[in-house]
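Source file: structure.txt. Holds: compact mmCIF, C-alpha atoms and all ligand atoms.
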# COMPACT_ATOMS: atom_id res chain seq x y z
CA MET A 49 -47.53 3.53 91.96
CA LEU A 50 -49.58 1.61 89.44
CA ARG A 51 -52.59 3.79 90.15
CA ARG A 52 -50.52 6.92 89.82
CA PHE A 53 -49.42 6.10 86.30
CA GLY A 54 -52.55 4.18 85.37
CA ALA A 55 -54.16 6.96 83.36
CA PRO A 56 -51.10 7.98 81.34
CA VAL A 57 -50.17 4.37 80.62
CA ALA A 58 -53.70 3.48 79.48
CA LEU A 59 -53.70 6.54 77.25
CA ALA A 60 -50.33 5.56 75.88
CA GLY A 61 -51.65 2.12 75.03
CA ILE A 62 -54.69 3.55 73.28
CA LEU A 63 -52.52 5.96 71.30
CA VAL A 64 -50.14 3.28 70.10
CA LEU A 65 -53.03 1.05 69.09
CA ALA A 66 -54.88 3.89 67.40
CA ALA A 67 -51.79 4.91 65.45
CA CYS A 68 -51.29 1.42 64.14
CA SER A 69 -54.72 -0.11 63.94
CA SER A 70 -56.71 2.28 61.80
CA THR A 71 -55.90 0.26 58.73
CA SER A 72 -56.04 -3.33 59.83
CA SER A 73 -58.69 -5.56 61.27
CA GLY A 74 -59.93 -9.09 61.08
CA THR A 75 -58.88 -12.53 62.09
CA THR A 76 -55.14 -12.00 62.05
CA SER A 77 -53.09 -8.88 61.59
CA SER A 78 -51.08 -8.17 58.48
CA SER A 79 -47.47 -9.08 58.65
CA GLY A 80 -44.72 -6.76 59.63
CA GLY A 81 -41.20 -7.24 58.48
CA SER A 82 -38.17 -8.30 60.31
CA SER A 83 -34.80 -6.70 60.34
CA SER A 84 -32.75 -5.65 57.39
CA SER A 85 -31.02 -7.76 54.82
CA SER A 86 -27.35 -8.04 54.22
CA SER A 87 -26.50 -6.49 50.93
CA GLY A 88 -26.64 -2.82 50.27
CA GLY A 89 -25.82 -0.69 47.34
CA SER A 90 -27.49 0.71 44.33
CA SER A 91 -28.65 -0.86 41.14
CA SER A 92 -27.01 1.66 38.88
CA GLY A 93 -25.47 0.47 35.68
CA GLY A 94 -24.83 -3.21 35.54
CA THR A 95 -25.74 -3.98 31.95
CA ASP A 96 -24.65 -2.74 28.58
CA GLY A 97 -28.28 -2.16 27.85
CA GLY A 98 -28.65 -5.40 25.92
CA SER A 99 -27.22 -4.42 22.54
CA ASP A 100 -28.93 -6.27 19.72
CA GLY A 101 -28.35 -5.80 16.01
CA GLY A 102 -26.92 -2.31 16.49
CA THR A 103 -29.75 -1.02 18.68
CA THR A 104 -29.47 -0.74 22.42
CA LEU A 105 -32.14 -1.70 24.91
CA TYR A 106 -32.48 2.01 25.63
CA THR A 107 -33.47 2.82 22.06
CA ARG A 108 -35.70 -0.25 21.79
CA LEU A 109 -37.59 0.92 24.87
CA GLY A 110 -38.09 4.30 23.17
CA GLY A 111 -35.47 6.26 25.12
CA ASN A 112 -36.46 8.41 28.07
CA THR A 113 -40.01 9.00 26.75
CA GLY A 114 -40.64 5.30 26.14
CA ILE A 115 -39.28 4.37 29.56
CA LYS A 116 -41.51 7.00 31.18
CA GLY A 117 -44.54 5.40 29.49
CA ALA A 118 -43.45 1.94 30.63
CA VAL A 119 -42.88 3.11 34.21
CA ASP A 120 -46.33 4.77 34.28
CA ALA A 121 -47.92 1.53 33.08
CA ILE A 122 -45.91 -0.65 35.49
CA VAL A 123 -46.79 1.50 38.50
CA ALA A 124 -50.48 1.55 37.52
CA ASP A 125 -50.48 -2.25 37.23
CA GLU A 126 -48.58 -2.69 40.50
CA VAL A 127 -51.05 -0.64 42.51
CA LYS A 128 -53.97 -2.69 41.18
CA ASP A 129 -52.62 -5.39 43.47
CA PRO A 130 -54.09 -4.67 46.90
CA THR A 131 -51.08 -6.02 48.79
CA ILE A 132 -48.55 -4.02 46.80
CA ALA A 133 -50.72 -0.88 46.85
CA ALA A 134 -50.63 -0.92 50.65
CA PHE A 135 -46.87 -0.33 50.61
CA PHE A 136 -47.44 2.98 48.86
CA GLY A 137 -50.04 4.20 51.36
CA ASP A 138 -47.77 7.02 52.58
CA ASN A 139 -46.60 7.95 49.09
CA VAL A 140 -50.14 8.59 47.78
CA LYS A 141 -50.95 10.98 50.61
CA SER A 142 -50.90 14.63 49.70
CA PRO A 143 -48.60 15.75 50.98
CA PRO A 144 -46.73 12.59 52.01
CA PRO A 145 -44.97 12.55 55.41
CA ALA A 146 -41.72 14.52 55.52
CA GLY A 147 -38.88 12.76 53.70
CA THR A 148 -41.25 10.37 51.90
CA PRO A 149 -41.31 10.62 48.10
CA THR A 150 -44.55 11.14 46.18
CA VAL A 151 -45.53 8.50 43.61
CA ASP A 152 -44.36 10.89 40.85
CA GLN A 153 -40.97 11.19 42.52
CA ILE A 154 -40.69 7.39 42.80
CA LYS A 155 -41.58 7.16 39.10
CA ALA A 156 -38.93 9.77 38.22
CA CYS A 157 -36.37 7.70 40.15
CA LEU A 158 -37.48 4.48 38.45
CA VAL A 159 -37.16 6.09 35.00
CA ASN A 160 -33.59 7.10 35.77
CA GLN A 161 -32.78 3.71 37.23
CA LEU A 162 -34.17 1.79 34.23
CA GLY A 163 -32.74 4.31 31.76
CA ASN A 164 -29.34 3.93 33.34
CA ALA A 165 -29.57 0.14 33.35
CA ALA A 166 -30.71 0.14 29.71
CA GLY A 167 -27.62 2.06 28.62
CA GLY A 168 -29.14 5.56 28.51
CA PRO A 169 -27.59 8.80 29.76
CA GLU A 170 -29.65 8.79 33.00
CA LYS A 171 -27.79 8.59 36.28
CA TYR A 172 -28.83 6.54 39.31
CA PRO A 173 -28.97 7.37 42.19
CA GLY A 174 -29.24 11.09 41.60
CA THR A 175 -31.79 13.85 41.35
CA PRO A 176 -33.91 13.52 38.20
CA ALA A 177 -34.94 16.80 36.54
CA ASP A 178 -38.63 16.07 37.15
CA SER A 179 -38.36 14.87 40.75
CA ALA A 180 -38.96 18.32 42.25
CA GLY A 181 -35.59 18.13 43.97
CA PHE A 182 -36.07 14.65 45.44
CA GLN A 183 -32.80 12.79 45.57
CA CYS A 184 -33.24 9.13 44.66
CA ARG A 185 -31.63 6.80 47.15
CA ASP A 186 -29.92 3.47 46.73
CA MET A 187 -32.23 0.46 46.84
CA LYS A 188 -31.40 -0.57 50.38
CA THR A 189 -31.98 2.87 51.85
CA ALA A 190 -35.21 3.37 49.88
CA HIS A 191 -36.72 0.04 50.99
CA THR A 192 -35.37 -0.49 54.51
CA GLY A 193 -38.09 -0.88 57.08
CA LEU A 194 -40.85 -1.58 54.55
CA GLY A 195 -40.82 -5.28 55.40
CA ILE A 196 -40.98 -6.45 51.78
CA SER A 197 -41.02 -10.26 51.67
CA SER A 198 -39.65 -12.47 48.92
CA ASP A 199 -43.23 -13.35 47.88
CA ILE A 200 -44.17 -9.68 47.52
CA PHE A 201 -41.01 -9.09 45.49
CA ASP A 202 -41.91 -11.98 43.16
CA LYS A 203 -45.42 -10.58 42.72
CA PHE A 204 -43.90 -7.19 41.87
CA VAL A 205 -41.60 -8.70 39.21
CA THR A 206 -44.39 -10.89 37.76
CA ILE A 207 -46.63 -7.84 37.35
CA ALA A 208 -43.82 -5.73 35.84
CA ALA A 209 -42.96 -8.49 33.35
CA GLY A 210 -46.64 -8.75 32.35
CA THR A 211 -46.86 -5.00 31.77
CA LEU A 212 -43.71 -4.94 29.63
CA LYS A 213 -44.98 -7.88 27.60
CA ARG A 214 -48.36 -6.19 27.09
CA LEU A 215 -46.53 -3.09 25.86
CA GLY A 216 -44.79 -5.22 23.26
CA VAL A 217 -41.33 -5.49 24.81
CA ALA A 218 -39.50 -8.56 23.50
CA ASP A 219 -38.83 -11.52 25.81
CA ALA A 220 -35.06 -11.03 25.55
CA ASP A 221 -35.42 -7.42 26.69
CA ILE A 222 -37.79 -8.40 29.50
CA ALA A 223 -35.12 -10.89 30.56
CA THR A 224 -32.52 -8.11 30.69
CA ILE A 225 -34.81 -5.85 32.73
CA GLY A 226 -35.89 -8.80 34.90
CA GLY A 227 -32.24 -9.48 35.64
CA VAL A 228 -31.76 -5.84 36.68
CA LEU A 229 -34.84 -5.97 38.95
CA ASN A 230 -33.80 -9.30 40.42
CA GLY A 231 -30.33 -7.91 41.09
CA THR A 232 -31.92 -5.52 43.59
CA LYS A 233 -33.70 -8.30 45.50
CA THR A 234 -31.19 -8.76 48.31
CA SER A 235 -31.24 -5.02 48.98
CA ILE A 236 -35.05 -4.84 49.00
CA VAL A 237 -36.30 -8.00 50.67
CA GLU A 238 -36.20 -8.10 54.48
CA MET B 20 -58.66 13.55 95.42
CA THR B 21 -56.65 16.68 96.31
CA LYS B 22 -56.09 19.47 93.81
CA PRO B 23 -52.28 19.10 93.62
CA ARG B 24 -52.72 15.37 92.97
CA ILE B 25 -55.10 16.02 90.06
CA THR B 26 -52.65 18.59 88.69
CA ARG B 27 -49.83 16.02 88.93
CA ILE B 28 -51.90 13.37 87.11
CA VAL B 29 -52.89 15.85 84.39
CA ALA B 30 -49.26 16.97 83.99
CA ALA B 31 -47.98 13.36 83.83
CA THR B 32 -50.66 12.45 81.29
CA ALA B 33 -49.85 15.48 79.14
CA ALA B 34 -46.11 14.75 79.27
CA THR B 35 -46.67 11.07 78.36
CA LEU B 36 -48.95 12.12 75.53
CA ALA B 37 -46.43 14.59 74.14
CA LEU B 38 -43.62 12.04 74.36
CA LEU B 39 -45.69 9.35 72.67
CA VAL B 40 -46.94 11.54 69.87
CA GLY B 41 -43.33 12.54 69.22
CA ALA B 42 -42.09 8.95 69.36
CA ILE B 43 -44.87 7.58 67.14
CA GLY B 44 -44.30 10.42 64.69
CA LEU B 45 -40.58 9.66 64.62
CA LEU B 46 -41.18 5.94 64.11
CA HIS B 47 -43.18 6.70 60.99
CA THR B 48 -40.45 8.79 59.36
CA PRO B 49 -38.05 7.10 56.92
CA LEU B 50 -35.40 7.13 59.66
CA GLY B 51 -37.70 5.56 62.21
CA LYS B 52 -39.31 2.90 59.98
CA PRO B 53 -36.62 0.26 60.58
CA TRP B 54 -37.17 0.59 64.34
CA LEU B 55 -40.91 0.46 63.91
CA MET B 56 -40.59 -2.78 61.98
CA LYS B 57 -38.25 -4.22 64.64
CA ILE B 58 -40.82 -3.71 67.37
CA GLY B 59 -43.43 -5.62 65.43
CA GLY B 60 -44.35 -2.71 63.24
CA CYS B 61 -47.29 -0.65 62.29
CA PRO B 62 -48.52 -2.83 59.47
CA ILE B 63 -47.68 -1.17 56.18
CA ASP B 64 -51.18 -0.85 55.09
CA GLU B 65 -53.54 1.76 53.85
CA SER B 66 -56.95 2.84 54.99
CA PRO B 67 -59.95 1.41 53.07
CA ALA B 68 -60.73 4.90 51.76
CA SER B 69 -57.19 5.42 50.52
CA ALA B 70 -57.12 1.94 48.89
CA GLU B 71 -60.38 2.74 47.11
CA LYS B 72 -59.05 6.13 45.97
CA SER B 73 -55.99 4.41 44.58
CA ARG B 74 -58.15 1.86 42.68
CA VAL B 75 -60.34 4.57 41.19
CA LYS B 76 -57.34 6.66 40.15
CA THR B 77 -55.72 3.69 38.43
CA VAL B 78 -58.78 2.37 36.64
CA ARG B 79 -59.54 5.83 35.24
CA VAL B 80 -56.17 5.75 33.51
CA GLU B 81 -56.34 2.15 32.28
CA ARG B 82 -59.96 1.55 31.34
CA GLY B 83 -61.29 1.31 27.80
CA THR B 84 -64.53 2.50 26.26
CA GLU B 85 -66.70 -0.61 25.74
CA VAL B 86 -68.81 -2.16 28.48
CA ALA B 87 -67.75 -5.71 29.42
CA PRO B 88 -70.19 -8.45 28.40
CA ALA B 89 -69.70 -10.18 31.78
CA HIS B 90 -68.29 -9.35 35.20
CA ALA B 91 -67.44 -12.73 36.61
CA ALA B 92 -63.95 -13.06 38.02
CA LEU B 93 -63.31 -16.78 38.43
CA GLY B 94 -66.99 -17.15 39.17
CA PHE B 95 -67.11 -14.21 41.63
CA GLN B 96 -69.42 -11.46 40.37
CA LEU B 97 -67.69 -8.08 40.64
CA GLU B 98 -69.94 -5.23 41.76
CA THR B 99 -72.59 -7.73 42.87
CA LEU B 100 -71.09 -10.10 45.40
CA ASP B 101 -70.48 -8.76 48.91
CA ARG B 102 -68.42 -9.87 51.91
CA GLU B 103 -71.05 -12.31 53.07
CA GLY B 104 -70.97 -14.01 49.68
CA VAL B 105 -67.20 -14.43 49.82
CA ARG B 106 -67.33 -15.58 53.44
CA ALA B 107 -69.92 -18.19 52.47
CA TRP B 108 -67.72 -19.36 49.58
CA ALA B 109 -64.72 -19.61 51.93
CA SER B 110 -66.69 -21.57 54.46
CA ASP B 111 -68.20 -23.93 51.84
CA ASN B 112 -64.75 -24.65 50.41
CA SER B 113 -62.79 -24.75 53.69
CA VAL B 114 -60.69 -21.78 52.61
CA GLN B 115 -58.84 -19.77 55.29
CA CYS B 116 -59.10 -16.04 54.69
CA THR B 117 -57.59 -13.22 56.72
CA GLU B 118 -59.74 -10.10 56.81
CA LYS B 119 -57.90 -6.79 56.90
CA ARG B 120 -58.55 -3.08 56.47
CA GLU B 121 -61.89 -3.10 58.24
CA ALA B 122 -62.89 -6.19 56.27
CA THR B 123 -62.49 -4.50 52.87
CA PHE B 124 -59.60 -6.83 51.99
CA PHE B 125 -59.64 -10.63 52.32
CA ALA B 126 -56.39 -12.54 51.76
CA CYS B 127 -57.12 -16.26 51.26
CA LYS B 128 -54.31 -18.81 51.15
CA HIS B 129 -53.96 -22.25 49.57
CA VAL B 130 -57.20 -22.27 47.62
CA SER B 131 -58.11 -25.54 45.94
CA ALA B 132 -58.74 -25.95 42.22
CA ALA B 133 -62.36 -26.89 42.86
CA ALA B 134 -62.98 -23.69 44.81
CA LEU B 135 -61.79 -21.69 41.81
CA HIS B 136 -63.38 -23.75 39.05
CA ARG B 137 -59.93 -24.16 37.54
CA SER B 138 -57.63 -27.07 36.80
CA THR B 139 -55.15 -25.88 39.45
CA GLY B 140 -55.61 -24.15 42.79
CA ALA B 141 -53.91 -20.92 43.90
CA ASP B 142 -51.37 -20.08 46.57
CA GLU B 143 -53.28 -16.92 47.26
CA VAL B 144 -56.55 -15.28 46.30
CA ASP B 145 -57.16 -11.67 47.35
CA PHE B 146 -60.55 -9.97 47.38
CA THR B 147 -61.19 -6.25 47.87
CA PHE B 148 -64.49 -4.54 48.59
CA ARG B 149 -65.56 -0.93 48.11
CA PRO B 150 -65.73 0.69 51.56
CA GLY B 151 -69.06 2.39 50.78
CA ASP B 152 -71.39 -0.34 49.51
CA ARG B 153 -69.08 -3.26 50.43
CA LYS B 154 -69.36 -4.75 46.94
CA LEU B 155 -66.55 -6.85 45.48
CA VAL B 156 -64.24 -4.69 43.35
CA SER B 157 -61.25 -6.91 42.71
CA VAL B 158 -60.08 -10.51 42.71
CA THR B 159 -56.38 -11.36 42.31
CA THR B 160 -54.84 -14.82 42.30
CA TYR B 161 -51.24 -15.97 42.38
CA ARG B 162 -49.60 -19.31 41.83
CA PHE B 163 -45.85 -19.60 42.24
CA GLY B 164 -43.30 -22.33 41.72
CA LEU B 165 -45.17 -23.86 38.78
CA SER B 166 -43.51 -26.07 36.22
CA VAL B 167 -43.53 -24.80 32.65
CA ALA B 168 -46.26 -27.33 31.79
CA GLU B 169 -48.43 -26.35 34.77
CA ALA B 170 -48.06 -22.66 33.98
CA ARG B 171 -48.85 -23.22 30.32
CA SER B 172 -51.94 -25.19 31.24
CA GLY B 173 -53.01 -22.51 33.76
CA PHE B 174 -52.48 -19.71 31.26
CA ASP B 175 -54.32 -21.57 28.49
CA THR B 176 -57.23 -22.46 30.80
CA ALA B 177 -57.60 -18.80 31.75
CA THR B 178 -57.38 -17.79 28.09
CA VAL B 179 -60.14 -20.19 27.05
CA SER B 180 -62.37 -19.33 29.99
CA LEU B 181 -62.01 -15.59 29.39
CA ALA B 182 -62.60 -15.97 25.67
CA ARG B 183 -65.84 -17.77 26.47
CA ASP B 184 -66.99 -15.05 28.89
CA LEU B 185 -65.58 -11.90 27.29
CA GLY B 186 -64.55 -12.77 23.73
CA GLU B 187 -61.21 -12.04 22.10
CA ALA B 188 -58.58 -10.52 24.42
CA HIS B 189 -57.78 -6.85 23.84
CA THR B 190 -54.09 -7.66 24.04
CA ARG B 191 -52.61 -11.14 23.90
CA ARG B 192 -48.88 -11.60 23.76
CA ASP B 193 -47.77 -15.14 24.13
CA THR B 194 -44.37 -16.74 24.08
CA GLU B 195 -43.22 -19.92 22.35
CA SER B 196 -42.04 -21.40 25.60
CA LEU B 197 -42.15 -20.33 29.22
CA ALA B 198 -38.92 -22.23 29.84
CA ALA B 199 -36.46 -19.35 29.43
CA PRO B 200 -35.71 -16.96 32.32
CA TYR B 201 -38.36 -14.22 32.41
CA ALA B 202 -40.20 -15.66 29.39
CA THR B 203 -43.62 -14.08 29.76
CA ALA B 204 -47.12 -14.60 28.40
CA SER B 205 -49.67 -11.87 28.91
CA LEU B 206 -53.36 -11.40 28.28
CA ALA B 207 -55.36 -8.25 28.94
CA TYR B 208 -58.88 -6.87 28.62
CA ARG B 209 -59.53 -3.14 29.06
CA TYR B 210 -63.27 -2.45 29.29
CA ARG B 211 -64.92 0.68 30.60
CA ASP B 212 -66.03 -1.21 33.68
CA LEU B 213 -63.57 -4.10 33.94
CA LEU B 214 -59.81 -4.63 33.73
CA VAL B 215 -58.44 -8.15 33.40
CA ASP B 216 -54.80 -9.22 33.30
CA VAL B 217 -53.33 -12.69 33.17
CA THR B 218 -49.55 -13.05 33.30
CA ALA B 219 -47.27 -16.06 33.41
CA THR B 220 -43.59 -15.36 33.87
CA ASN B 221 -40.58 -17.53 34.52
CA LEU B 222 -38.87 -16.35 37.70
CA PRO B 223 -35.39 -17.90 37.65
CA GLY B 224 -34.90 -20.28 40.54
CA LYS B 225 -38.56 -19.96 41.59
CA GLY B 226 -40.45 -21.69 38.83
CA VAL B 227 -43.13 -19.94 36.83
CA GLY B 228 -45.46 -17.43 38.48
CA LEU B 229 -49.04 -17.11 37.24
CA MET B 230 -51.21 -14.14 38.14
CA GLU B 231 -54.84 -13.42 37.31
CA SER B 232 -56.19 -9.98 38.15
CA TYR B 233 -59.80 -8.83 37.80
CA VAL B 234 -60.54 -5.24 38.78
CA SER B 235 -63.83 -3.40 38.52
CA ALA B 236 -63.30 -0.16 36.60
CA VAL B 237 -66.49 1.39 37.99
CA ASP B 238 -65.87 4.63 39.95
C1 LIG C 301 -38.34 -5.01 41.83
C2 LIG C 301 -37.42 -4.15 42.07
C3 LIG C 301 -37.66 -2.76 42.60
C4 LIG C 301 -37.07 -1.64 42.14
C5 LIG C 301 -36.06 -1.56 41.02
C6 LIG C 301 -37.58 -0.53 42.90
C7 LIG C 301 -37.22 0.79 42.69
C8 LIG C 301 -37.60 1.84 43.49
C9 LIG C 301 -37.16 3.19 43.32
C10 LIG C 301 -36.27 3.68 42.19
C11 LIG C 301 -37.68 3.91 44.32
C12 LIG C 301 -37.50 5.41 44.56
C13 LIG C 301 -36.18 5.65 45.24
C14 LIG C 301 -36.27 6.43 46.51
O1 LIG C 301 -37.33 6.39 47.15
O2 LIG C 301 -35.26 7.05 46.86
C15 LIG C 301 -38.49 3.03 45.13
C16 LIG C 301 -39.21 3.40 46.24
C17 LIG C 301 -40.14 2.60 46.84
N1 LIG C 301 -40.40 1.29 46.55
FE1 LIG C 301 -39.39 0.15 45.24
N2 LIG C 301 -38.46 -0.99 43.82
C18 LIG C 301 -38.57 -2.34 43.67
C19 LIG C 301 -39.37 -3.20 44.39
C20 LIG C 301 -40.31 -2.77 45.30
C21 LIG C 301 -41.29 -3.62 45.92
C22 LIG C 301 -41.42 -5.11 45.68
C23 LIG C 301 -42.03 -2.82 46.73
C24 LIG C 301 -43.20 -3.20 47.59
C25 LIG C 301 -44.23 -3.80 47.13
C26 LIG C 301 -41.50 -1.47 46.65
C27 LIG C 301 -41.99 -0.39 47.36
C28 LIG C 301 -41.41 0.86 47.34
C29 LIG C 301 -41.86 1.95 48.19
C30 LIG C 301 -42.99 1.91 49.20
C31 LIG C 301 -41.04 3.04 47.88
C32 LIG C 301 -41.07 4.42 48.54
C33 LIG C 301 -40.22 4.39 49.80
C34 LIG C 301 -40.48 5.56 50.72
O3 LIG C 301 -41.61 6.04 50.81
O4 LIG C 301 -39.52 6.02 51.37
N3 LIG C 301 -40.46 -1.48 45.76
N4 LIG C 301 -38.42 1.76 44.60
Mind converting the file's structure to structure tokens?
Amino acid sequence: MLRRFGAPVALAGILVLAACSSTSSGTTSSSGGSSSSSSGGSSSGGTDGGSDGGTTLYTRLGGNTGIKGAVDAIVADEVKDPTIAAFFGDNVKSPPPAGTPTVDQIKACLVNQLGNAAGGPEKYPGTPADSAGFQCRDMKTAHTGLGISSDIFDKFVTIAAGTLKRLGVADADIATIGGVLNGTKTSIVE
Amino acid sequence: MTKPRITRIVAATAATLALLVGAIGLLHTPLGKPWLMKIGGCPIDESPASAEKSRVKTVRVERGTEVAPAHAALGFQLETLDREGVRAWASDNSVQCTEKREATFFACKHVSAAALHRSTGADEVDFTFRPGDRKLVSVTTYRFGLSVAEARSGFDTATVSLARDLGEAHTRRDTESLAAPYATASLAYRYRDLLVDVTATNLPGKGVGLMESYVSAVD
């Protein structure tokens, strides 16, 4: 019996290993995640956009164009981190695997999410005009199965805060955005 | 071995192969990812070539025009040091590093202050190497759970050390106090061949996080 299935089983083993091992080597393997977290839902809305002296956070960030610039800079800074960049390995492929958004589509979603949270007219989740038809998902659906740990999440927020500060965003506004990002943590971290 | 037996083995192998390819494919789709992670997971990781492509793409967008006067990242020479150099440093300083992505990425945990020539150590120091010539292309450090005073001291030490090596920061945006939630201090250099970022930010309930990132901007 064993001999009969020996060849197929050995092949199966090699295939599974090959599919998963092309990217990792060394003394210990990189961590996988565990099962999903409890809270679901989207991060839409949630703030009044941090109104201050008659201006809203949305206008202080420069509206949709300003937020696009900030999202571009945040994503560029995030992927300079080798651990974070690895999570986007599928998204940078061209084309990405079926059902996986491209980095531009993720950015379009992020712009709508931040715009919405900052009090702008953007809707989240939804299908941004420049997402080539990609429908942004709620935070839990978008991140389930990625195995994002609390430490990775904290790195992500630290980098994003640094980018916003470098771009000249005021501490109070970073605090508002930080609160929005942190509000997604239970949906993202596994 | 008889001919029908060989045919049966070939058929069984082909069927197993087809099933596995299908199953592995399915596990890597968004629907299958949660199951993949449950069974231990394909590490979410990228190939060394793809990581390098991603670095090059990013640095082309972010880099400046001047050449950096120095390329030391916490004492590690970018574009000069190789894996052996970092392994020797780890061994000399009793640092535990995990090598990943065909040894183009080293993740080192709990690094002492002495090993970094700094007043405080780091929870994590990551090194990446170019897949082609295996030279060091980035060094990133993180410290989490710092008190406001520790973070201030860490940020100021980095500021002074970078000013000595590179001169005035290209962007420096400080904050009066790191005590408030998400209060952030940031320092950045954007050279043609080097990108440096230092960020301290107060993560509510988690103390202050301090990150130093040194990335070679050479293609
Ligand atoms: C800090 C709060 C975060 C926010 C607000 C956020 C927001 C988003 C948004 C808007 C999308 C696109 C939505 C969609 O795919 O339908 C997305 C996708 C994604 N995010 Fe996040 N994210 C956060 C944290 C993280 C972290 C920490 C990581 C990992 C380092 C991460 C990795 C990803 C990946 C890999 C995708 C693409 C998922 C796929 O390919 O299906 N995100 N995120």
Within 10 Å of A:Ala190 using all atoms listed in the file, minus same-chain residues under 4 positions, as a VMD selection string: (chain A and resid 90 148 to 149 154 184 to 186 194 235 to 236) or (chain B and resid 49)
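Using all atoms listed in the file, the shortest contact distance between ligand LIG 301 (chain C) and any of A:Gly147, A:Pro176, A:Gly111, A:Gly210 is found at A:Gly147.
Using only C-alpha atoms, the shortest contact distance between chain A and any of B:Gly173, B:Gly94, B:Pro88, B:Pro67 is found at B:Pro67.
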For chain A versus ligand LIG 301 (chain C), which residues have an atom no more than 6 Å away, and what is each residue's nearest atom pair and distance in Å rounded to one decimal, using all atoms listed in the file, chain-then-number order, as JSON lines?
{"residue": "A:Ile132", "atom": "CA", "partner": "C:LIG301", "partner_atom": "C25", "distance": 4.3}
{"residue": "A:Phe135", "atom": "CA", "partner": "C:LIG301", "partner_atom": "C30", "distance": 4.7}
{"residue": "A:Phe136", "atom": "CA", "partner": "C:LIG301", "partner_atom": "C30", "distance": 4.6}
{"residue": "A:Asn139", "atom": "CA", "partner": "C:LIG301", "partner_atom": "O3", "distance": 5.6}
{"residue": "A:Thr148", "atom": "CA", "partner": "C:LIG301", "partner_atom": "O3", "distance": 4.5}
{"residue": "A:Pro149", "atom": "CA", "partner": "C:LIG301", "partner_atom": "O3", "distance": 5.3}
{"residue": "A:Ile154", "atom": "CA", "partner": "C:LIG301", "partner_atom": "C12", "distance": 4.1}
{"residue": "A:Cys157", "atom": "CA", "partner": "C:LIG301", "partner_atom": "C10", "distance": 4.5}
{"residue": "A:Leu158", "atom": "CA", "partner": "C:LIG301", "partner_atom": "C10", "distance": 4.0}
{"residue": "A:Cys184", "atom": "CA", "partner": "C:LIG301", "partner_atom": "O2", "distance": 3.6}
{"residue": "A:Arg185", "atom": "CA", "partner": "C:LIG301", "partner_atom": "O2", "distance": 3.7}
{"residue": "A:Ala190", "atom": "CA", "partner": "C:LIG301", "partner_atom": "O1", "distance": 4.6}
{"residue": "A:His191", "atom": "CA", "partner": "C:LIG301", "partner_atom": "C33", "distance": 5.7}
{"residue": "A:Ile196", "atom": "CA", "partner": "C:LIG301", "partner_atom": "C24", "distance": 5.7}
{"residue": "A:Ile200", "atom": "CA", "partner": "C:LIG301", "partner_atom": "C22", "distance": 5.6}
{"residue": "A:Phe201", "atom": "CA", "partner": "C:LIG301", "partner_atom": "C22", "distance": 4.0}
{"residue": "A:Phe204", "atom": "CA", "partner": "C:LIG301", "partner_atom": "C22", "distance": 5.0}
{"residue": "A:Val205", "atom": "CA", "partner": "C:LIG301", "partner_atom": "C1", "distance": 5.6}
{"residue": "A:Leu229", "atom": "CA", "partner": "C:LIG301", "partner_atom": "C2", "distance": 4.4}
{"residue": "A:Thr232", "atom": "CA", "partner": "C:LIG301", "partner_atom": "C2", "distance": 5.9}
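Between atom CA of A:Lys203 and atom CA of B:Gly228 there is a distance of 8.1 Å.
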Sel. within 6 Å of pt (-50.9, -17.7, 35.6), counting all atoms listed in the file, output as a list in words: Ala170, Gly173, Phe174, Thr218, Ala219, Leu229 and Met230 of chain B
Write to file, as a PDB file, in the coordinates of the input, the residues of the selection just made, with C-alpha atoms.
ATOM      1  CA  ALA B 170     -48.060 -22.660  33.980  1.00  0.00           C
ATOM      2  CA  GLY B 173     -53.010 -22.510  33.760  1.00  0.00           C
ATOM      3  CA  PHE B 174     -52.480 -19.710  31.260  1.00  0.00           C
ATOM      4  CA  THR B 218     -49.550 -13.050  33.300  1.00  0.00           C
ATOM      5  CA  ALA B 219     -47.270 -16.060  33.410  1.00  0.00           C
ATOM      6  CA  LEU B 229     -49.040 -17.110  37.240  1.00  0.00           C
ATOM      7  CA  MET B 230     -51.210 -14.140  38.140  1.00  0.00           C
TER       8      MET B 230
END
Atomic distance atom CA of B:Val144 - atom CA of B:Val167, expressed in Å with one decimal: 21.1 Å
Neighbours of stretch 194-198 of chain B within 9 Å (only C-alpha atoms; same-chain residues fewer than 2 positions away dropped), as a PDB file with C-alpha atoms, keeping the file's coordinate frame?
ATOM      1  CA  ASP A 219     -38.830 -11.520  25.810  1.00  0.00           C
TER       2      ASP A 219
ATOM      3  CA  SER B 166     -43.510 -26.070  36.220  1.00  0.00           C
ATOM      4  CA  VAL B 167     -43.530 -24.800  32.650  1.00  0.00           C
ATOM      5  CA  ALA B 168     -46.260 -27.330  31.790  1.00  0.00           C
ATOM      6  CA  ALA B 170     -48.060 -22.660  33.980  1.00  0.00           C
ATOM      7  CA  ARG B 171     -48.850 -23.220  30.320  1.00  0.00           C
ATOM      8  CA  ARG B 192     -48.880 -11.600  23.760  1.00  0.00           C
ATOM      9  CA  PRO B 200     -35.710 -16.960  32.320  1.00  0.00           C
ATOM     10  CA  TYR B 201     -38.360 -14.220  32.410  1.00  0.00           C
ATOM     11  CA  ALA B 202     -40.200 -15.660  29.390  1.00  0.00           C
ATOM     12  CA  THR B 203     -43.620 -14.080  29.760  1.00  0.00           C
ATOM     13  CA  ALA B 204     -47.120 -14.600  28.400  1.00  0.00           C
ATOM     14  CA  SER B 205     -49.670 -11.870  28.910  1.00  0.00           C
ATOM     15  CA  ALA B 219     -47.270 -16.060  33.410  1.00  0.00           C
ATOM     16  CA  THR B 220     -43.590 -15.360  33.870  1.00  0.00           C
ATOM     17  CA  ASN B 221     -40.580 -17.530  34.520  1.00  0.00           C
ATOM     18  CA  VAL B 227     -43.130 -19.940  36.830  1.00  0.00           C
TER      19      VAL B 227
END
